Each structure stands twice: as structure tokens, then as C-alpha cells.
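Enquirer: Dropping a structure here in C-alpha cells format, bear with me for questions.
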Amino acid sequence: MNDPRITAYALNEMRGDEREKFEFDLAADTRTQTDLQQATEVVGALGQVMTQPGEGLEPQAREKLLCEIAQNQKIFQRRRKIVRFAVPVALAAAASIVVLLWVSGGKTTQGPAMAAADGAKVSRDGNLSTPVGPDSAESTVSSQVRGIDSSSGAGRTIRMSESGRAAWEMRADTNFSLTSPAVRMKPLIWDEELPRWGGFHHE
Amino acid sequence: MSPEQIIVGALDRYERMLVSYAREITGDLDSARDAVQETFLRLSRQDVISLEPRLRPWLFLVCRNCALDHRRKVVRFSTEPVEEAAQTSEEMPPDVRAIAEEDAIRLRGLVSGLPRQQRELIKLKFEADLSYKEMAEALKTSVSTVGVQLHEAIKTLRRQWPHENTEILPT
């Protein structure tokens, strides 16, 4: 009888419903019972004959293998540590770049202050200037932004002062260079009634 | 358990099974041993901790690939019965042991006459005690294919093996 379930049952490979179904069929079919009996005999004989241990590796080769395994594991663990450190750093860097690109790409949608801020200029000596609004003497909000690229002058600390309650965030990062016409500014608080322009200077 | 301990434990446990299995594929003991060494070297370059739950089928899969590589290099595949000394229990009486040895040799002869894939399955099942699922993973095939092929193998052996007791099992 060509039913793979017979062998699967003899090898104890059937579980649950499948097993119950087979046992139900088995009870009604003497041919299947005979086949199962024979299969069980063969499986039992194979179990005795085939499980005897054969030959393994030669002792010297085994010793050498164990040494190489230990060595490989050391290398693997070292690499794993590096990867564990490098992956988050790389991800963080990639995320930063994405955020910067997104911020710099979205400047036109950030209200009149942003468009106005595009008028800010960076001079050759690294000084920054921006148009100064009419009401620049009220309260002052300062923030410090540190740029990254020192060759472009962006590596210096820049102090930005601003009038009114409007606070400004200036981005001076890798995108920032002497040739860049714009210092990107983003209003953190914006109120149409507050003075728009503030001055900032470079230390 | 450290990764190294897992590897050494696997070597202790599966070394002989893998050599026997690889020998089935390569046809000679030296190539089989080389394949097993290569298997464990590959294992030592893996993330053993994450591999541990499915270590057994992985070992047999990689060992099989290594053995097939060796077989491709040295094109000599023996279909002769593997000459292994019949090892039976020392506790058996001599006459029973003689019969058991004779039976063992005969059964091994029958197994060696099976098609290669079926022989592999017999080895994986009875020497390595892999489940159908693990065998399917090791051979990169489906569980049903394993079931059908193993059934064919057992059916062939059933026809050739003398049945001492063909009484119907009580239900």
C-alpha cells in the first residue's frame, strides 16, 4: 500500500489530528495494519543498525579544528562588537543627514520669517550679517550655534541675538560655508505682531 | 553557554553522525572528515547563538554541501556497501550476537542498494535522528517530499527484509 502516512506513523512523525485520523483509518483496514507492522519491524531494525557510532575525526585533526574554532570565534566576537558600535553610529549619521536635507529643503514653506532670513549673508572673513529689522532693541534672545566645517568659517561659534519674543534657530552645519548666500534660520516661535528682524553677530 | 561551548558540544555530539553522513555522499572517509571539519569551521564563523535553535539541520545542510563539493572535486562515488565493522552489544550471547551481526550486515547491504537520496534520508533519520521538518531543511526540500521518499525507502526495505512476525497489530 502506497501511503506515506504508514512510514510517518512508524517513525512517530505524526501529531494531533493527522495522527488521530490515521489511527481511525488504521482500525478499519487490515492491509494498512499489516503494512504498518512490517514498516515498524524495518524501522526497529534500522534503528539498531544505523545508530551505532561510526568513525569521527582523527585526534590530531580534531585538536587543530578546536584551535581554529577558538580563533575564529575571537575574530567573530571582535567583528560583532565593531558592528554593534558602527551600525547605530551610521544610522544616527544617516538620520542627521536626512533631517538636515529635509529642513533645508523645506525652507520655503516655513513662513515669511524663513524667506526673509534667506537674505542673510556670510562675508569672506566669516562674519555673518542679516537685514536688521526696525524693532531690534526690545528683549534679546541669544543662541549659540557651532558649525562644523572650519575651512568654510562655520567652525566658529556664532552668537545670534534677536529682538522680541521670537526666537531663532540658526543652522550652521556642514551645509554652511562662506560661499553659501544664506544662513538658514527657522523661527521657533512666530508671532506676526512681534518684530521680525533681529541682528546677530559673529564672535 | 558561550558560542564556543555550543560549537564544541555540537562537535562532540554530531561529529560521528556527520562523518558517516558525509561519507555516504563522498564515498570515502578522508573526504568525509574534510567536509565535517569545513562544516565546523563555517559554524565557527557564524552567529552561533542565533543559530542554536536550528543547529542540527544547519550542520547537516552545510555538511552535505561540503561533501558534495568534495565529491565534485574527486569524482568517485562508491555504491558499494560501506565497510564498517558490525558493532553489537558486548552483553549479547555469542550466538545471538552472530545473528545480529549478520542481520546488521544484511540490512546495511540493503540500505546501500537504495537510491542515494533515500540513503541520505535513512542516515539523517536513523543516525542523526532528524525529524521530517529538519530533514527537509537540511536537504532544502519540502516535508512531504521527505515523507514520500522515506516511505519509498522503507517500503523497498520492507519487501526485502525477512518478516519474522507479520501478525496484525491489535487496534
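Every chain in the C-alpha cells has a letter given in the order shown (A, B, ...), and although residue numbers restart at 1 in each chain, ligands are simply numbered from 1 in the order shown.
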Starting from chain A, keep only residues with some atom at most 7 Å from an atom of chain B, counting only C-alpha atoms, and report them as a VMD selection string.

Expert: chain A and resid 4 7 to 8 27 33 to 34 37 to 39 42 46 to 47 49 to 57 65 69 to 70 72 to 73 76

Enquirer: Export, as an mmCIF file, in the first residue's frame, the selected residues with C-alpha atoms.

Expert:
data_model
loop_
_atom_site.group_PDB
_atom_site.id
_atom_site.type_symbol
_atom_site.label_atom_id
_atom_site.label_comp_id
_atom_site.auth_asym_id
_atom_site.auth_seq_id
_atom_site.Cartn_x
_atom_site.Cartn_y
_atom_site.Cartn_z
ATOM 1 C CA PRO A 4 3.426 7.670 3.282
ATOM 2 C CA THR A 7 6.069 5.245 7.497
ATOM 3 C CA ALA A 8 5.409 8.563 9.185
ATOM 4 C CA ALA A 27 -8.587 0.465 12.689
ATOM 5 C CA GLN A 33 -2.218 -2.771 9.731
ATOM 6 C CA THR A 34 -0.017 -5.401 8.065
ATOM 7 C CA GLN A 37 3.604 -3.973 11.232
ATOM 8 C CA GLN A 38 6.248 -4.587 8.563
ATOM 9 C CA ALA A 39 7.302 -0.961 8.483
ATOM 10 C CA VAL A 42 12.170 -2.434 9.460
ATOM 11 C CA LEU A 46 17.316 0.214 11.115
ATOM 12 C CA GLY A 47 17.260 1.929 14.475
ATOM 13 C CA VAL A 49 21.879 -0.983 12.960
ATOM 14 C CA MET A 50 22.212 2.650 11.933
ATOM 15 C CA THR A 51 22.611 4.303 15.305
ATOM 16 C CA GLN A 52 25.910 2.655 16.050
ATOM 17 C CA PRO A 53 28.647 5.251 16.134
ATOM 18 C CA GLY A 54 30.929 5.296 13.147
ATOM 19 C CA GLU A 55 34.281 6.916 12.818
ATOM 20 C CA GLY A 56 34.906 10.500 13.778
ATOM 21 C CA LEU A 57 37.731 12.870 13.047
ATOM 22 C CA LEU A 65 39.982 22.123 14.420
ATOM 23 C CA ILE A 69 37.285 27.304 16.074
ATOM 24 C CA ALA A 70 38.520 29.230 19.122
ATOM 25 C CA ASN A 72 37.531 32.170 14.534
ATOM 26 C CA GLN A 73 35.216 32.821 17.427
ATOM 27 C CA PHE A 76 33.837 36.893 15.108
#

Enquirer: Take atom CA of Ala22 of chain B and atom CA of Val62 of chain B and report the distance between them in Å, one decimal.

Expert: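 It comes out at 10.2 Å.
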
Enquirer: What is the atom CA of Ile99 of chain B to atom CA of Gly27 of chain B distance in Å?

Expert: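 Between atom CA of Ile99 of chain B and atom CA of Gly27 of chain B the gap works out to 27.6 Å.
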
Enquirer: Could you find all residues in segment 52-164 of chain B that DSSP calls alpha helix (DSSP H) from the backbone, and write them as a ChimeraX atom specification?

Expert: /B:55-73,94-112,116-126,132-139,143-160

Enquirer: Between B:Ala67, B:Thr156, B:Arg72, B:Lys140, single out the one closest to Leu110 of chain B, counting only C-alpha atoms.

Expert: B:Thr156

Enquirer: To one decimal place, how far is atom CA of Ile6 of chain B from atom CA of Leu51 of chain B in Å?

Expert: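 Atom CA of Leu51 of chain B lies 10.2 Å from atom CA of Ile6 of chain B.
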